[in-house]
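Engineer: If you scroll down you'll find the structure; I have some questions about it.
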Amino acid sequence: LLATKEKAFVAALFELRKSNHSMRSCHDLTPCGFVIMTSSVLSSGREGYTCVRPANFRDVSDSVESLRKLRLFRAAFPTGSRAFSSNIEAAIVDLRSDQEVEQAQLDALPETMTRLSIAVLNSKLKIFFALVLEMSWAQRFTALRRMLLGMSPSKALRMSFNELGLFGLNRLLLRHAQSEIATIMDSTLAALEQDANSSVIISCSAGKDRTGLVVALILLCTGVVQEDVTRDYSLSSDLLRRDPHFFSDISDRMEREGLDHRWTESPPTVMEQTLQFLQHEYGGFSNYLTRIGFGKSLQLRLSYELRKQ
(Lines give C-alpha, C1' and ligand atoms only; values in the text may rest on other atoms or scores of the structure.)
Protein backbone atom coordinates (compact mmCIF):
# COMPACT_ATOMS: atom_id res chain seq x y z
CA LEU A 1 0.00 0.00 0.00
CA LEU A 2 2.74 2.46 0.95
CA ALA A 3 4.74 1.68 -2.19
CA THR A 4 1.70 2.31 -4.39
CA LYS A 5 0.98 5.59 -2.62
CA GLU A 6 4.56 6.80 -2.88
CA LYS A 7 4.85 5.87 -6.55
CA ALA A 8 1.76 7.89 -7.43
CA PHE A 9 2.78 10.93 -5.47
CA VAL A 10 6.44 11.08 -6.42
CA ALA A 11 5.66 10.63 -10.11
CA ALA A 12 3.22 13.53 -9.91
CA LEU A 13 5.64 15.60 -7.85
CA PHE A 14 8.35 15.54 -10.45
CA GLU A 15 5.94 16.15 -13.28
CA LEU A 16 5.01 19.28 -11.32
CA ARG A 17 8.65 20.29 -11.03
CA LYS A 18 9.11 19.93 -14.78
CA SER A 19 6.04 22.02 -15.54
CA ASN A 20 6.97 24.66 -12.93
CA HIS A 21 3.53 24.56 -11.34
CA SER A 22 2.78 25.24 -7.69
CA MET A 23 2.39 22.36 -5.26
CA ARG A 24 0.16 24.24 -2.83
CA SER A 25 -2.87 22.09 -3.65
CA CYS A 26 -0.96 19.07 -2.37
CA HIS A 27 -1.89 20.22 1.12
CA ASP A 28 -5.62 20.01 0.35
CA LEU A 29 -6.14 16.53 1.73
CA THR A 30 -9.43 14.69 1.91
CA PRO A 31 -10.21 12.86 5.19
CA CYS A 32 -8.80 9.62 3.80
CA GLY A 33 -5.51 11.28 2.91
CA PHE A 34 -5.89 11.56 -0.86
CA VAL A 35 -4.59 14.50 -2.84
CA ILE A 36 -6.59 15.49 -5.89
CA MET A 37 -4.53 17.14 -8.65
CA THR A 38 -6.61 18.60 -11.46
CA SER A 39 -5.46 19.72 -14.89
CA SER A 40 -4.96 23.24 -13.50
CA VAL A 41 -2.11 21.82 -11.44
CA LEU A 42 -0.70 19.12 -13.71
CA SER A 43 0.07 20.02 -17.31
CA SER A 44 0.64 16.40 -18.26
CA GLY A 45 -2.89 16.00 -19.58
CA ARG A 46 -3.98 13.72 -16.73
CA GLU A 47 -7.17 15.50 -15.74
CA GLY A 48 -8.50 14.37 -12.39
CA TYR A 49 -5.20 12.69 -11.62
CA THR A 50 -5.33 11.24 -8.13
CA CYS A 51 -2.33 10.47 -5.96
CA VAL A 52 -1.39 10.04 -2.32
CA ARG A 53 1.65 11.59 -0.74
CA PRO A 54 4.15 9.53 1.29
CA ALA A 55 4.19 9.75 5.06
CA ASN A 56 5.31 13.10 6.47
CA PHE A 57 6.23 14.40 3.02
CA ARG A 58 6.34 18.13 2.38
CA ASP A 59 7.99 20.86 0.41
CA VAL A 60 9.62 22.88 3.19
CA SER A 61 8.81 26.08 1.29
CA ASP A 62 5.12 25.49 2.01
CA SER A 63 5.75 26.41 5.65
CA VAL A 64 8.68 28.78 5.04
CA GLU A 65 7.69 31.38 2.45
CA SER A 66 11.20 32.76 1.95
CA LEU A 67 12.38 29.50 0.35
CA ARG A 68 12.23 28.65 -3.35
CA LYS A 69 9.65 26.10 -4.37
CA LEU A 70 10.54 22.49 -5.20
CA ARG A 71 14.11 22.67 -3.90
CA LEU A 72 14.03 21.26 -0.37
CA PHE A 73 11.75 18.44 0.72
CA ARG A 74 11.54 16.26 3.80
CA ALA A 75 9.87 12.89 4.27
CA ALA A 76 9.84 9.47 5.80
CA PHE A 77 11.99 7.30 3.56
CA PRO A 78 9.94 5.46 0.88
CA THR A 79 9.63 1.74 1.48
CA GLY A 80 10.94 0.56 -1.88
CA SER A 81 12.54 1.69 -5.10
CA ARG A 82 9.36 0.98 -7.06
CA ALA A 83 8.03 4.15 -5.42
CA PHE A 84 10.18 6.16 -7.82
CA SER A 85 9.53 6.60 -11.51
CA SER A 86 12.51 6.37 -13.85
CA ASN A 87 12.42 10.06 -14.84
CA ILE A 88 13.08 11.44 -11.35
CA GLU A 89 16.07 13.73 -11.03
CA ALA A 90 16.75 14.31 -7.36
CA ALA A 91 19.12 13.54 -4.52
CA ILE A 92 17.65 11.85 -1.49
CA VAL A 93 19.81 12.27 1.62
CA ASP A 94 19.17 9.10 3.59
CA LEU A 95 19.97 9.46 7.30
CA ARG A 96 19.00 5.91 8.27
CA SER A 97 21.45 3.41 9.73
CA ASP A 98 22.73 0.44 7.73
CA GLN A 99 20.49 -1.81 9.84
CA GLU A 100 17.40 0.23 9.00
CA VAL A 101 18.27 0.16 5.29
CA GLU A 102 18.80 -3.61 5.39
CA GLN A 103 15.48 -4.21 7.13
CA ALA A 104 13.70 -2.08 4.50
CA GLN A 105 15.20 -4.27 1.72
CA LEU A 106 15.68 -1.34 -0.65
CA ASP A 107 16.26 -2.26 -4.28
CA ALA A 108 18.41 -0.28 -6.70
CA LEU A 109 17.14 3.21 -7.43
CA PRO A 110 16.68 4.59 -10.95
CA GLU A 111 19.82 6.00 -12.52
CA THR A 112 18.29 9.48 -12.48
CA MET A 113 17.97 9.45 -8.69
CA THR A 114 20.92 9.67 -6.32
CA ARG A 115 20.67 8.18 -2.85
CA LEU A 116 23.22 9.73 -0.52
CA SER A 117 23.50 7.41 2.46
CA ILE A 118 24.87 9.34 5.43
CA ALA A 119 23.87 7.46 8.55
CA VAL A 120 23.74 9.47 11.75
CA LEU A 121 25.57 7.52 14.47
CA ASN A 122 25.64 4.32 12.42
CA SER A 123 27.71 2.33 14.93
CA LYS A 124 25.87 0.81 17.87
CA LEU A 125 29.06 1.16 19.91
CA LYS A 126 29.23 4.88 19.10
CA ILE A 127 25.57 5.29 20.03
CA PHE A 128 26.21 3.50 23.32
CA PHE A 129 29.15 5.68 24.32
CA ALA A 130 27.34 8.85 23.19
CA LEU A 131 24.34 7.92 25.29
CA VAL A 132 26.47 7.13 28.34
CA LEU A 133 28.17 10.52 28.04
CA GLU A 134 24.78 12.27 27.92
CA MET A 135 23.41 10.42 30.95
CA SER A 136 23.65 11.70 34.49
CA TRP A 137 25.43 9.57 37.06
CA ALA A 138 22.04 8.55 38.48
CA GLN A 139 20.87 7.44 35.02
CA ARG A 140 24.10 5.49 34.48
CA PHE A 141 23.64 3.72 37.80
CA THR A 142 20.03 2.89 36.93
CA ALA A 143 21.04 1.42 33.55
CA LEU A 144 23.81 -0.64 35.16
CA ARG A 145 21.43 -1.93 37.81
CA ARG A 146 18.95 -2.99 35.12
CA MET A 147 21.63 -4.99 33.33
CA LEU A 148 22.86 -6.59 36.57
CA LEU A 149 19.28 -7.68 37.24
CA GLY A 150 19.19 -9.50 33.92
CA MET A 151 17.96 -6.91 31.42
CA SER A 152 19.66 -7.10 28.03
CA PRO A 153 22.04 -4.21 27.25
CA SER A 154 20.00 -3.28 24.16
CA LYS A 155 16.77 -3.00 26.16
CA ALA A 156 18.51 -1.04 28.90
CA LEU A 157 19.86 1.27 26.19
CA ARG A 158 16.38 1.87 24.76
CA MET A 159 14.97 2.62 28.21
CA SER A 160 17.76 5.15 28.69
CA PHE A 161 16.78 6.75 25.37
CA ASN A 162 13.25 7.07 26.71
CA GLU A 163 14.58 8.94 29.71
CA LEU A 164 16.73 11.12 27.46
CA GLY A 165 13.72 12.25 25.43
CA LEU A 166 13.49 14.05 22.08
CA PHE A 167 15.48 17.11 23.11
CA GLY A 168 18.09 14.84 24.66
CA LEU A 169 18.38 13.03 21.33
CA ASN A 170 18.97 16.32 19.48
CA ARG A 171 21.59 17.31 22.04
CA LEU A 172 23.28 13.94 21.66
CA LEU A 173 23.38 14.24 17.86
CA LEU A 174 24.71 17.79 17.94
CA ARG A 175 27.51 16.76 20.28
CA HIS A 176 28.42 13.30 19.05
CA ALA A 177 27.47 13.19 15.35
CA GLN A 178 29.32 16.31 14.25
CA SER A 179 31.29 14.70 11.43
CA GLU A 180 28.11 13.13 10.06
CA ILE A 181 26.18 16.41 10.26
CA ALA A 182 29.02 18.23 8.45
CA THR A 183 28.95 15.59 5.70
CA ILE A 184 25.15 15.93 5.40
CA MET A 185 25.40 19.70 5.03
CA ASP A 186 28.22 19.41 2.46
CA SER A 187 26.30 16.80 0.46
CA THR A 188 23.07 18.82 0.50
CA LEU A 189 24.89 21.90 -0.78
CA ALA A 190 26.70 19.92 -3.48
CA ALA A 191 23.43 18.38 -4.69
CA LEU A 192 21.70 21.76 -4.85
CA GLU A 193 24.58 23.39 -6.72
CA GLN A 194 24.56 20.76 -9.45
CA ASP A 195 21.57 22.38 -11.12
CA ALA A 196 19.49 25.49 -10.55
CA ASN A 197 16.33 23.36 -10.48
CA SER A 198 17.68 20.33 -8.62
CA SER A 199 15.70 18.93 -5.71
CA VAL A 200 16.93 17.47 -2.43
CA ILE A 201 14.88 15.27 -0.11
CA ILE A 202 16.08 14.93 3.49
CA SER A 203 14.81 11.64 4.85
CA CYS A 204 14.98 9.11 7.67
CA SER A 205 12.63 6.38 8.88
CA ALA A 206 9.85 8.74 10.00
CA GLY A 207 11.18 12.01 8.56
CA LYS A 208 10.83 13.57 12.01
CA ASP A 209 13.78 13.50 14.42
CA ARG A 210 17.05 13.19 12.48
CA THR A 211 15.42 14.84 9.48
CA GLY A 212 13.93 17.55 11.70
CA LEU A 213 17.31 18.46 13.16
CA VAL A 214 19.07 18.57 9.79
CA VAL A 215 16.30 20.63 8.15
CA ALA A 216 16.40 23.04 11.10
CA LEU A 217 20.13 23.63 10.56
CA ILE A 218 19.56 24.14 6.83
CA LEU A 219 16.77 26.64 7.48
CA LEU A 220 18.89 28.57 9.97
CA CYS A 221 21.56 28.93 7.28
CA THR A 222 18.98 30.67 5.07
CA GLY A 223 18.18 33.26 7.71
CA VAL A 224 14.78 31.84 8.64
CA VAL A 225 13.52 33.10 11.98
CA GLN A 226 13.41 30.61 14.84
CA GLU A 227 9.62 30.69 14.99
CA ASP A 228 9.43 29.35 11.41
CA VAL A 229 12.05 26.68 12.16
CA THR A 230 10.02 25.55 15.16
CA ARG A 231 6.75 25.57 13.22
CA ASP A 232 8.16 23.44 10.40
CA TYR A 233 9.49 20.93 12.93
CA SER A 234 6.17 20.70 14.77
CA LEU A 235 4.19 19.84 11.61
CA SER A 236 5.37 16.22 11.68
CA SER A 237 3.09 15.13 14.53
CA ASP A 238 -0.03 15.96 12.54
CA LEU A 239 1.29 14.82 9.15
CA LEU A 240 2.28 11.39 10.47
CA ARG A 241 -1.25 10.89 11.79
CA ARG A 242 -2.75 11.73 8.41
CA ASP A 243 -1.39 8.40 7.21
CA PRO A 244 -2.99 5.97 9.69
CA HIS A 245 -1.33 2.89 8.19
CA PHE A 246 2.17 4.36 8.46
CA PHE A 247 1.47 5.88 11.89
CA SER A 248 0.22 2.54 13.20
CA ASP A 249 3.27 0.77 11.78
CA ILE A 250 5.77 3.20 13.27
CA SER A 251 3.95 3.25 16.62
CA ASP A 252 4.04 -0.56 16.78
CA ARG A 253 7.73 -0.54 15.84
CA MET A 254 8.58 1.91 18.60
CA GLU A 255 6.57 -0.07 21.13
CA ARG A 256 8.48 -3.22 20.16
CA GLU A 257 11.72 -1.34 20.69
CA GLY A 258 10.63 -0.18 24.13
CA LEU A 259 10.10 3.47 23.17
CA ASP A 260 7.05 5.33 24.46
CA HIS A 261 4.46 7.44 22.61
CA ARG A 262 6.52 10.64 22.85
CA TRP A 263 8.69 9.40 19.99
CA THR A 264 5.79 9.79 17.56
CA GLU A 265 5.44 13.47 18.50
CA SER A 266 7.25 16.65 17.43
CA PRO A 267 6.32 19.24 20.07
CA PRO A 268 7.55 22.78 19.37
CA THR A 269 9.19 22.92 22.81
CA VAL A 270 11.73 20.32 21.64
CA MET A 271 12.99 22.55 18.83
CA GLU A 272 12.86 25.62 21.08
CA GLN A 273 15.10 23.81 23.58
CA THR A 274 17.40 22.69 20.77
CA LEU A 275 17.85 26.23 19.47
CA GLN A 276 18.50 27.47 23.01
CA PHE A 277 21.10 24.73 23.44
CA LEU A 278 22.88 25.77 20.22
CA GLN A 279 23.00 29.34 21.48
CA HIS A 280 24.15 28.49 24.98
CA GLU A 281 26.66 25.75 24.10
CA TYR A 282 28.14 27.10 20.86
CA GLY A 283 27.08 30.74 20.59
CA GLY A 284 24.50 29.99 17.88
CA PHE A 285 23.98 27.72 14.91
CA SER A 286 26.53 29.50 12.68
CA ASN A 287 29.34 29.04 15.18
CA TYR A 288 28.31 25.42 15.63
CA LEU A 289 28.39 24.69 11.91
CA THR A 290 31.69 26.52 11.51
CA ARG A 291 33.16 24.49 14.35
CA ILE A 292 32.23 21.18 12.71
CA GLY A 293 33.61 22.22 9.30
CA PHE A 294 30.68 23.85 7.49
CA GLY A 295 31.94 27.43 7.56
CA LYS A 296 30.23 30.75 6.95
CA SER A 297 31.04 30.84 3.22
CA LEU A 298 29.38 27.44 2.79
CA GLN A 299 26.41 28.60 4.83
CA LEU A 300 26.00 31.60 2.52
CA ARG A 301 26.17 29.37 -0.58
CA LEU A 302 23.48 27.12 0.88
CA SER A 303 21.32 30.16 1.59
CA TYR A 304 21.79 31.40 -1.98
CA GLU A 305 20.59 28.07 -3.41
CA LEU A 306 17.44 27.92 -1.30
CA ARG A 307 16.23 31.47 -0.72
CA LYS A 308 14.02 33.31 -3.19
CA GLN A 309 16.16 35.74 -5.15
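Just remember, in the C-alpha coordinates the first chain shown is A, the second B, etc., residues are 1-based per chain, and ligands are 1-based in the order shown.
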Based on DSSP run over this structure's backbone, return all residues of segment 69-250 of chain A in strand (DSSP E or B), as a PyMOL selection string.
Structural biologist: chain A and resi 72-76+90-94+113-117+199-204
Engineer: Show which residues sit within 10 Å of Glu65 of chain A, as a list in words. Count only C-alpha atoms, and ignore same-chain residues fewer than 6 positions away.
Structural biologist: Val224, Asp228, Arg307 and Lys308 of chain A
Engineer: In Å, how far is it from atom CA of Met185 of chain A to atom CA of Val214 of chain A?
Structural biologist: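 We find that atom CA of Met185 of chain A and atom CA of Val214 of chain A lie 8.0 Å from each other.
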Engineer: So which residues touch Arg71 of chain A within 10 Å, counting only C-alpha atoms, skipping near sequence neighbours fewer than 2 positions away, as a PyMOL selection string?
Structural biologist: chain A and resi 17+59-61+67-69+73+90+192+196-201+305-307
Engineer: Any idea what's packed within 9 Å of segment 154-170 of chain A, counting only C-alpha atoms, ignoring anything in its chain fewer than 6 positions away? Could you give it as a ChimeraX atom specification?
Structural biologist: /A:128,131-132,134-135,139-140,142-144,146-147,209-210,213,257-260,262-263,265-266,269-271,273-274
Engineer: Determine, counting only C-alpha atoms, which protein, DNA and RNA residues have an atom within 10 Å of an atom of Glu180 of chain A; residues of the same chain fewer than 6 positions away are not included. Present the result as an MDAnalysis selection string.
Structural biologist: chainID A and resid 95 118:122 173:174 186 292
Engineer: How about saving the chosen residues, N, CA and C atoms kept, as an mmCIF file, in the first residue's frame?
Structural biologist:
data_model
loop_
_atom_site.group_PDB
_atom_site.id
_atom_site.type_symbol
_atom_site.label_atom_id
_atom_site.label_comp_id
_atom_site.auth_asym_id
_atom_site.auth_seq_id
_atom_site.Cartn_x
_atom_site.Cartn_y
_atom_site.Cartn_z
ATOM 1 N N LEU A 95 19.308 9.387 6.001
ATOM 2 C CA LEU A 95 19.967 9.459 7.297
ATOM 3 C C LEU A 95 19.828 8.181 8.108
ATOM 4 N N ILE A 118 24.010 8.731 4.417
ATOM 5 C CA ILE A 118 24.873 9.341 5.433
ATOM 6 C C ILE A 118 24.234 9.054 6.792
ATOM 7 N N ALA A 119 24.494 7.875 7.295
ATOM 8 C CA ALA A 119 23.872 7.460 8.545
ATOM 9 C C ALA A 119 24.347 8.322 9.707
ATOM 10 N N VAL A 120 23.417 8.705 10.554
ATOM 11 C CA VAL A 120 23.740 9.473 11.747
ATOM 12 C C VAL A 120 23.976 8.486 12.896
ATOM 13 N N LEU A 121 25.200 8.471 13.417
ATOM 14 C CA LEU A 121 25.572 7.520 14.469
ATOM 15 C C LEU A 121 25.244 6.089 14.044
ATOM 16 N N ASN A 122 25.930 5.627 12.992
ATOM 17 C CA ASN A 122 25.638 4.319 12.420
ATOM 18 C C ASN A 122 26.092 3.176 13.317
ATOM 19 N N LEU A 173 22.946 14.190 19.260
ATOM 20 C CA LEU A 173 23.378 14.239 17.862
ATOM 21 C C LEU A 173 24.280 15.441 17.609
ATOM 22 N N LEU A 174 23.917 16.587 18.154
ATOM 23 C CA LEU A 174 24.714 17.794 17.936
ATOM 24 C C LEU A 174 26.109 17.664 18.534
ATOM 25 N N ASP A 186 27.398 19.337 3.681
ATOM 26 C CA ASP A 186 28.220 19.410 2.463
ATOM 27 C C ASP A 186 27.511 18.741 1.285
ATOM 28 N N ILE A 292 32.189 22.566 13.205
ATOM 29 C CA ILE A 292 32.231 21.184 12.710
ATOM 30 C C ILE A 292 32.707 21.104 11.262
#
Engineer: Which distance in Å separates atom CA of Arg301 of chain A and atom CA of Pro78 of chain A, to one decimal?
Structural biologist: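 Computing it gives 28.9 Å between the two atoms.
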